[in-house]
Amino acid sequence: MCSSRVDPEFVISAFMTGVDGVLIAACHPGNCHYVSQNYKTIKRVALLEPLLETFGINKKRLRLEFISAGEGNKFAETIDDMVSLLKELGPSPLSKSKEDK
Ligand code: FES
């Protein structure tokens, strides 16, 4: 629906389950269907990054990208780029600790 619906708790929960990365795709600033809610998303991601690093999660594993519905190529490129980055970073450290249990 709107990137602002991505509660920070959802992101933390995802990482705690061992996912390697989270991509939040949002409308471009100024183009949110709910006026300015994506600015809230920008602030939330900025707050989440240092929090993730306290858990040993590289902040690059969380990505906010502005992609309009008409930017299919950008969406595909973003996914490819994110997958490449996550392969480069390797599995999430929380994924490894989960396997140890
Ligand atoms: S509708 Fe809010 S970010 Fe797209």
# chains A, B, ... in the order shown; residues from 1 in each chain; ligands from 1

$ closest_atom_pairs --of "chain A" --to "ligand 1" --cutoff "8 Å" --atoms "only C-alpha atoms and all ligand atoms" --output "JSON lines"
{"residue": "A:Met1", "atom": "CA", "partner": "ligand 1", "partner_atom_place_in_ligand_line": "1 (S)", "distance": 6.0}
{"residue": "A:Cys2", "atom": "CA", "partner": "ligand 1", "partner_atom_place_in_ligand_line": "2 (Fe)", "distance": 3.8}
{"residue": "A:Ser3", "atom": "CA", "partner": "ligand 1", "partner_atom_place_in_ligand_line": "3 (S)", "distance": 4.4}
{"residue": "A:Ser4", "atom": "CA", "partner": "ligand 1", "partner_atom_place_in_ligand_line": "2 (Fe)", "distance": 6.1}
{"residue": "A:Ala25", "atom": "CA", "partner": "ligand 1", "partner_atom_place_in_ligand_line": "3 (S)", "distance": 7.6}
{"residue": "A:Ala26", "atom": "CA", "partner": "ligand 1", "partner_atom_place_in_ligand_line": "3 (S)", "distance": 4.2}
{"residue": "A:Cys27", "atom": "CA", "partner": "ligand 1", "partner_atom_place_in_ligand_line": "4 (Fe)", "distance": 4.0}
{"residue": "A:His28", "atom": "CA", "partner": "ligand 1", "partner_atom_place_in_ligand_line": "3 (S)", "distance": 7.0}
{"residue": "A:Pro29", "atom": "CA", "partner": "ligand 1", "partner_atom_place_in_ligand_line": "3 (S)", "distance": 7.8}
{"residue": "A:Asn31", "atom": "CA", "partner": "ligand 1", "partner_atom_place_in_ligand_line": "4 (Fe)", "distance": 7.1}
{"residue": "A:Cys32", "atom": "CA", "partner": "ligand 1", "partner_atom_place_in_ligand_line": "2 (Fe)", "distance": 3.9}
{"residue": "A:His33", "atom": "CA", "partner": "ligand 1", "partner_atom_place_in_ligand_line": "1 (S)", "distance": 4.1}
{"residue": "A:Tyr34", "atom": "CA", "partner": "ligand 1", "partner_atom_place_in_ligand_line": "2 (Fe)", "distance": 5.3}
{"residue": "A:Val35", "atom": "CA", "partner": "ligand 1", "partner_atom_place_in_ligand_line": "2 (Fe)", "distance": 7.2}
{"residue": "A:Ser36", "atom": "CA", "partner": "ligand 1", "partner_atom_place_in_ligand_line": "2 (Fe)", "distance": 7.1}
{"residue": "A:Gln37", "atom": "CA", "partner": "ligand 1", "partner_atom_place_in_ligand_line": "2 (Fe)", "distance": 5.4}
{"residue": "A:Asn38", "atom": "CA", "partner": "ligand 1", "partner_atom_place_in_ligand_line": "3 (S)", "distance": 4.5}
{"residue": "A:Thr41", "atom": "CA", "partner": "ligand 1", "partner_atom_place_in_ligand_line": "3 (S)", "distance": 7.8}
{"residue": "A:Ser68", "atom": "CA", "partner": "ligand 1", "partner_atom_place_in_ligand_line": "4 (Fe)", "distance": 7.9}

$ select_by_dssp --residues "segment 8-89 of chain A" --states "strand (DSSP E)" --output "number ranges by chain"
A: 22-26, 62-66

$ residues_around --residues "Thr78 of chain A" --least-positions-apart "2" --cutoff "10 Å" --atoms "only C-alpha atoms" --output "list in words"
Leu23, Ala25, Arg63, Glu65, Phe66, Ile67, Gly72, Asn73, Lys74, Phe75, Ala76, Asp80, Asp81, Met82, Val83 and Ser84 of chain A

$ write_last_selection --atoms "C-alpha atoms" --output "tab-separated table (two decimals), in the first residue's frame"
chain	number	residue	atom	x	y	z
A	23	LEU	CA	14.04	-3.75	0.65
A	25	ALA	CA	10.17	0.33	-2.16
A	63	ARG	CA	17.48	-0.51	1.70
A	65	GLU	CA	14.47	2.86	-2.71
A	66	PHE	CA	12.12	5.27	-4.43
A	67	ILE	CA	10.47	3.55	-7.35
A	72	GLY	CA	9.67	-1.39	-13.97
A	73	ASN	CA	13.27	-1.35	-15.18
A	74	LYS	CA	14.42	0.49	-12.08
A	75	PHE	CA	12.55	-2.03	-9.93
A	76	ALA	CA	14.27	-4.95	-11.69
A	80	ASP	CA	19.33	-7.37	-9.03
A	81	ASP	CA	21.56	-4.89	-7.22
A	82	MET	CA	20.17	-5.88	-3.82
A	83	VAL	CA	20.64	-9.58	-4.55
A	84	SER	CA	24.24	-8.93	-5.66

$ atom_distance --atom1 "atom CA of Leu89 of chain A" --atom2 "atom CA of Asp20 of chain A"
8.8 Å

$ residues_around --residues "segment 7-16 of chain A" --least-positions-apart "6" --cutoff "12 Å" --atoms "only C-alpha atoms" --output "VMD selection string"
chain A and resid 22 to 24 40 to 49 51 to 59 61 to 64 91 to 98

$ write_last_selection --atoms "N, CA and C atoms" --output "CSV table (one decimal), in the first residue's frame"
chain,number,residue,atom,x,y,z
A,22,VAL,N,16.3,-6.5,3.7
A,22,VAL,CA,14.9,-6.0,3.5
A,22,VAL,C,15.0,-4.8,2.6
A,23,LEU,N,14.2,-4.9,1.6
A,23,LEU,CA,14.0,-3.8,0.6
A,23,LEU,C,12.7,-3.1,0.8
A,24,ILE,N,12.7,-1.8,1.1
A,24,ILE,CA,11.4,-1.1,1.1
A,24,ILE,C,11.4,-0.2,-0.1
A,40,LYS,N,8.0,9.9,6.4
A,40,LYS,CA,8.1,9.2,7.7
A,40,LYS,C,8.9,7.9,7.5
A,41,THR,N,8.8,7.3,6.3
A,41,THR,CA,9.6,6.1,6.0
A,41,THR,C,11.1,6.5,6.0
A,42,ILE,N,11.4,7.6,5.4
A,42,ILE,CA,12.8,8.0,5.4
A,42,ILE,C,13.3,8.1,6.8
A,43,LYS,N,12.6,8.8,7.7
A,43,LYS,CA,13.0,9.0,9.0
A,43,LYS,C,13.2,7.6,9.8
A,44,ARG,N,12.2,6.7,9.5
A,44,ARG,CA,12.2,5.4,10.2
A,44,ARG,C,13.5,4.6,9.8
A,45,VAL,N,13.8,4.7,8.5
A,45,VAL,CA,14.9,3.9,8.0
A,45,VAL,C,16.2,4.5,8.6
A,46,ALA,N,16.3,5.8,8.7
A,46,ALA,CA,17.4,6.5,9.3
A,46,ALA,C,17.6,6.1,10.8
A,47,LEU,N,16.5,5.9,11.5
A,47,LEU,CA,16.5,5.4,12.9
A,47,LEU,C,16.9,3.9,13.0
A,48,LEU,N,16.4,3.2,12.0
A,48,LEU,CA,16.6,1.7,12.0
A,48,LEU,C,18.1,1.3,11.8
A,49,GLU,N,18.7,2.1,10.9
A,49,GLU,CA,20.1,1.7,10.5
A,49,GLU,C,21.1,1.5,11.7
A,51,LEU,N,20.3,1.1,14.8
A,51,LEU,CA,19.7,0.0,15.6
A,51,LEU,C,20.1,-1.4,15.1
A,52,LEU,N,20.1,-1.5,13.8
A,52,LEU,CA,20.4,-2.8,13.2
A,52,LEU,C,21.9,-3.1,13.4
A,53,GLU,N,22.7,-2.1,13.4
A,53,GLU,CA,24.2,-2.3,13.6
A,53,GLU,C,24.5,-2.7,15.0
A,54,THR,N,23.6,-2.3,16.0
A,54,THR,CA,23.8,-2.8,17.3
A,54,THR,C,23.6,-4.3,17.4
A,55,PHE,N,22.8,-4.8,16.5
A,55,PHE,CA,22.6,-6.3,16.4
A,55,PHE,C,23.6,-7.0,15.5
A,56,GLY,N,24.6,-6.2,15.0
A,56,GLY,CA,25.6,-6.8,14.2
A,56,GLY,C,25.2,-6.9,12.7
A,57,ILE,N,24.1,-6.3,12.4
A,57,ILE,CA,23.6,-6.3,11.0
A,57,ILE,C,24.1,-5.1,10.2
A,58,ASN,N,24.8,-5.4,9.1
A,58,ASN,CA,25.2,-4.3,8.3
A,58,ASN,C,24.0,-3.5,7.8
A,59,LYS,N,24.1,-2.2,8.0
A,59,LYS,CA,23.0,-1.3,7.6
A,59,LYS,C,22.6,-1.4,6.1
A,61,ARG,N,22.0,-3.9,4.6
A,61,ARG,CA,21.0,-5.0,4.4
A,61,ARG,C,19.6,-4.4,4.4
A,62,LEU,N,19.5,-3.2,4.9
A,62,LEU,CA,18.2,-2.5,4.8
A,62,LEU,C,18.3,-1.4,3.8
A,63,ARG,N,17.4,-1.5,2.8
A,63,ARG,CA,17.5,-0.5,1.7
A,63,ARG,C,16.1,0.1,1.5
A,64,LEU,N,16.1,1.4,1.4
A,64,LEU,CA,14.9,2.2,1.0
A,64,LEU,C,15.2,2.7,-0.4
A,91,PRO,N,25.4,-14.6,4.2
A,91,PRO,CA,24.2,-14.7,5.1
A,91,PRO,C,24.2,-13.7,6.2
A,92,SER,N,23.1,-13.4,6.7
A,92,SER,CA,22.9,-12.5,7.8
A,92,SER,C,23.6,-13.2,9.1
A,93,PRO,N,24.3,-12.4,9.9
A,93,PRO,CA,24.9,-13.0,11.1
A,93,PRO,C,23.8,-13.6,12.0
A,94,LEU,N,22.6,-13.1,11.9
A,94,LEU,CA,21.5,-13.7,12.8
A,94,LEU,C,21.0,-15.0,12.2
A,95,SER,N,21.2,-15.1,10.9
A,95,SER,CA,20.9,-16.4,10.2
A,95,SER,C,21.8,-17.5,10.7
A,96,LYS,N,23.1,-17.1,10.8
A,96,LYS,CA,24.1,-18.1,11.3
A,96,LYS,C,23.8,-18.5,12.8
A,97,SER,N,23.5,-17.5,13.6
A,97,SER,CA,23.3,-17.8,15.0
A,97,SER,C,22.0,-18.7,15.2
A,98,LYS,N,21.1,-18.5,14.3
A,98,LYS,CA,19.9,-19.3,14.3
A,98,LYS,C,20.2,-20.7,14.0

$ atom_distance --atom1 "atom CA of Leu86 of chain A" --atom2 "atom CA of Thr17 of chain A"
16.0 Å

$ decode --residues "segment 73-87 of chain A" --atoms "all heavy atoms" --output "PDB file, in the first residue's frame"
ATOM      1  N   ASN A  73      11.835  -1.067 -15.001  1.00  0.00           N
ATOM      2  CA  ASN A  73      13.265  -1.352 -15.176  1.00  0.00           C
ATOM      3  C   ASN A  73      14.049  -1.017 -13.919  1.00  0.00           C
ATOM      4  O   ASN A  73      14.928  -1.772 -13.522  1.00  0.00           O
ATOM      5  CB  ASN A  73      13.839  -0.582 -16.367  1.00  0.00           C
ATOM      6  CG  ASN A  73      13.397  -1.161 -17.693  1.00  0.00           C
ATOM      7  OD1 ASN A  73      12.933  -2.297 -17.755  1.00  0.00           O
ATOM      8  ND2 ASN A  73      13.520  -0.370 -18.750  1.00  0.00           N
ATOM      9  N   LYS A  74      13.709   0.103 -13.310  1.00  0.00           N
ATOM     10  CA  LYS A  74      14.417   0.485 -12.085  1.00  0.00           C
ATOM     11  C   LYS A  74      14.141  -0.537 -10.987  1.00  0.00           C
ATOM     12  O   LYS A  74      15.035  -0.895 -10.224  1.00  0.00           O
ATOM     13  CB  LYS A  74      14.003   1.880 -11.616  1.00  0.00           C
ATOM     14  CG  LYS A  74      14.756   2.310 -10.369  1.00  0.00           C
ATOM     15  CD  LYS A  74      14.408   3.711  -9.912  1.00  0.00           C
ATOM     16  CE  LYS A  74      15.231   4.053  -8.662  1.00  0.00           C
ATOM     17  NZ  LYS A  74      14.869   5.362  -8.118  1.00  0.00           N
ATOM     18  N   PHE A  75      12.899  -1.017 -10.923  1.00  0.00           N
ATOM     19  CA  PHE A  75      12.554  -2.028  -9.928  1.00  0.00           C
ATOM     20  C   PHE A  75      13.411  -3.280 -10.128  1.00  0.00           C
ATOM     21  O   PHE A  75      14.013  -3.796  -9.184  1.00  0.00           O
ATOM     22  CB  PHE A  75      11.060  -2.367 -10.006  1.00  0.00           C
ATOM     23  CG  PHE A  75      10.619  -3.385  -8.999  1.00  0.00           C
ATOM     24  CD1 PHE A  75      10.494  -3.044  -7.660  1.00  0.00           C
ATOM     25  CD2 PHE A  75      10.346  -4.689  -9.380  1.00  0.00           C
ATOM     26  CE1 PHE A  75      10.095  -3.987  -6.718  1.00  0.00           C
ATOM     27  CE2 PHE A  75       9.942  -5.638  -8.447  1.00  0.00           C
ATOM     28  CZ  PHE A  75       9.821  -5.287  -7.118  1.00  0.00           C
ATOM     29  N   ALA A  76      13.479  -3.741 -11.383  1.00  0.00           N
ATOM     30  CA  ALA A  76      14.266  -4.948 -11.686  1.00  0.00           C
ATOM     31  C   ALA A  76      15.749  -4.718 -11.370  1.00  0.00           C
ATOM     32  O   ALA A  76      16.405  -5.583 -10.777  1.00  0.00           O
ATOM     33  CB  ALA A  76      14.079  -5.336 -13.149  1.00  0.00           C
ATOM     34  N   GLU A  77      16.258  -3.564 -11.741  1.00  0.00           N
ATOM     35  CA  GLU A  77      17.675  -3.259 -11.474  1.00  0.00           C
ATOM     36  C   GLU A  77      17.942  -3.192  -9.969  1.00  0.00           C
ATOM     37  O   GLU A  77      18.986  -3.634  -9.489  1.00  0.00           O
ATOM     38  CB  GLU A  77      18.058  -1.930 -12.132  1.00  0.00           C
ATOM     39  CG  GLU A  77      18.142  -1.998 -13.639  1.00  0.00           C
ATOM     40  CD  GLU A  77      18.213  -0.629 -14.311  1.00  0.00           C
ATOM     41  OE1 GLU A  77      18.365   0.394 -13.606  1.00  0.00           O
ATOM     42  OE2 GLU A  77      18.081  -0.596 -15.544  1.00  0.00           O
ATOM     43  N   THR A  78      16.995  -2.636  -9.234  1.00  0.00           N
ATOM     44  CA  THR A  78      17.153  -2.526  -7.782  1.00  0.00           C
ATOM     45  C   THR A  78      17.191  -3.913  -7.147  1.00  0.00           C
ATOM     46  O   THR A  78      18.017  -4.176  -6.266  1.00  0.00           O
ATOM     47  CB  THR A  78      16.008  -1.687  -7.176  1.00  0.00           C
ATOM     48  OG1 THR A  78      16.062  -0.380  -7.748  1.00  0.00           O
ATOM     49  CG2 THR A  78      16.118  -1.597  -5.664  1.00  0.00           C
ATOM     50  N   ILE A  79      16.305  -4.785  -7.603  1.00  0.00           N
ATOM     51  CA  ILE A  79      16.290  -6.153  -7.074  1.00  0.00           C
ATOM     52  C   ILE A  79      17.614  -6.852  -7.384  1.00  0.00           C
ATOM     53  O   ILE A  79      18.231  -7.458  -6.508  1.00  0.00           O
ATOM     54  CB  ILE A  79      15.113  -6.972  -7.671  1.00  0.00           C
ATOM     55  CG1 ILE A  79      13.770  -6.365  -7.273  1.00  0.00           C
ATOM     56  CG2 ILE A  79      15.200  -8.438  -7.240  1.00  0.00           C
ATOM     57  CD1 ILE A  79      13.442  -6.408  -5.820  1.00  0.00           C
ATOM     58  N   ASP A  80      18.055  -6.742  -8.646  1.00  0.00           N
ATOM     59  CA  ASP A  80      19.331  -7.365  -9.035  1.00  0.00           C
ATOM     60  C   ASP A  80      20.476  -6.828  -8.195  1.00  0.00           C
ATOM     61  O   ASP A  80      21.331  -7.587  -7.721  1.00  0.00           O
ATOM     62  CB  ASP A  80      19.635  -7.120 -10.519  1.00  0.00           C
ATOM     63  CG  ASP A  80      18.751  -7.930 -11.450  1.00  0.00           C
ATOM     64  OD1 ASP A  80      18.100  -8.883 -10.971  1.00  0.00           O
ATOM     65  OD2 ASP A  80      18.711  -7.605 -12.647  1.00  0.00           O
ATOM     66  N   ASP A  81      20.486  -5.526  -7.995  1.00  0.00           N
ATOM     67  CA  ASP A  81      21.558  -4.892  -7.225  1.00  0.00           C
ATOM     68  C   ASP A  81      21.523  -5.345  -5.767  1.00  0.00           C
ATOM     69  O   ASP A  81      22.561  -5.637  -5.169  1.00  0.00           O
ATOM     70  CB  ASP A  81      21.404  -3.365  -7.319  1.00  0.00           C
ATOM     71  CG  ASP A  81      22.582  -2.638  -6.733  1.00  0.00           C
ATOM     72  OD1 ASP A  81      23.716  -2.898  -7.175  1.00  0.00           O
ATOM     73  OD2 ASP A  81      22.369  -1.801  -5.821  1.00  0.00           O
ATOM     74  N   MET A  82      20.322  -5.442  -5.221  1.00  0.00           N
ATOM     75  CA  MET A  82      20.172  -5.875  -3.822  1.00  0.00           C
ATOM     76  C   MET A  82      20.617  -7.331  -3.669  1.00  0.00           C
ATOM     77  O   MET A  82      21.320  -7.665  -2.704  1.00  0.00           O
ATOM     78  CB  MET A  82      18.706  -5.715  -3.397  1.00  0.00           C
ATOM     79  CG  MET A  82      18.408  -6.070  -1.962  1.00  0.00           C
ATOM     80  SD  MET A  82      18.714  -4.679  -0.891  1.00  0.00           S
ATOM     81  CE  MET A  82      18.235  -5.339   0.696  1.00  0.00           C
ATOM     82  N   VAL A  83      20.241  -8.165  -4.611  1.00  0.00           N
ATOM     83  CA  VAL A  83      20.643  -9.578  -4.548  1.00  0.00           C
ATOM     84  C   VAL A  83      22.165  -9.691  -4.633  1.00  0.00           C
ATOM     85  O   VAL A  83      22.787 -10.444  -3.874  1.00  0.00           O
ATOM     86  CB  VAL A  83      19.954 -10.406  -5.664  1.00  0.00           C
ATOM     87  CG1 VAL A  83      20.561 -11.795  -5.777  1.00  0.00           C
ATOM     88  CG2 VAL A  83      18.457 -10.504  -5.399  1.00  0.00           C
ATOM     89  N   SER A  84      22.770  -8.909  -5.538  1.00  0.00           N
ATOM     90  CA  SER A  84      24.237  -8.934  -5.663  1.00  0.00           C
ATOM     91  C   SER A  84      24.897  -8.498  -4.359  1.00  0.00           C
ATOM     92  O   SER A  84      25.862  -9.123  -3.898  1.00  0.00           O
ATOM     93  CB  SER A  84      24.702  -8.001  -6.793  1.00  0.00           C
ATOM     94  OG  SER A  84      24.253  -8.467  -8.016  1.00  0.00           O
ATOM     95  N   LEU A  85      24.377  -7.438  -3.772  1.00  0.00           N
ATOM     96  CA  LEU A  85      24.940  -6.943  -2.515  1.00  0.00           C
ATOM     97  C   LEU A  85      24.825  -8.001  -1.417  1.00  0.00           C
ATOM     98  O   LEU A  85      25.784  -8.250  -0.684  1.00  0.00           O
ATOM     99  CB  LEU A  85      24.228  -5.655  -2.075  1.00  0.00           C
ATOM    100  CG  LEU A  85      24.614  -5.145  -0.691  1.00  0.00           C
ATOM    101  CD1 LEU A  85      26.050  -4.626  -0.695  1.00  0.00           C
ATOM    102  CD2 LEU A  85      23.665  -4.071  -0.209  1.00  0.00           C
ATOM    103  N   LEU A  86      23.663  -8.633  -1.325  1.00  0.00           N
ATOM    104  CA  LEU A  86      23.461  -9.620  -0.265  1.00  0.00           C
ATOM    105  C   LEU A  86      24.332 -10.855  -0.477  1.00  0.00           C
ATOM    106  O   LEU A  86      24.825 -11.434   0.495  1.00  0.00           O
ATOM    107  CB  LEU A  86      21.979 -10.004  -0.167  1.00  0.00           C
ATOM    108  CG  LEU A  86      21.061  -8.863   0.284  1.00  0.00           C
ATOM    109  CD1 LEU A  86      19.598  -9.307   0.261  1.00  0.00           C
ATOM    110  CD2 LEU A  86      21.447  -8.337   1.654  1.00  0.00           C
ATOM    111  N   LYS A  87      24.563 -11.213  -1.729  1.00  0.00           N
ATOM    112  CA  LYS A  87      25.481 -12.339  -2.007  1.00  0.00           C
ATOM    113  C   LYS A  87      26.890 -11.961  -1.571  1.00  0.00           C
ATOM    114  O   LYS A  87      27.616 -12.779  -1.018  1.00  0.00           O
ATOM    115  CB  LYS A  87      25.455 -12.703  -3.490  1.00  0.00           C
ATOM    116  CG  LYS A  87      24.222 -13.476  -3.886  1.00  0.00           C
ATOM    117  CD  LYS A  87      24.250 -13.853  -5.359  1.00  0.00           C
ATOM    118  CE  LYS A  87      23.029 -14.675  -5.721  1.00  0.00           C
ATOM    119  NZ  LYS A  87      22.950 -14.958  -7.169  1.00  0.00           N
TER     120      LYS A  87
END
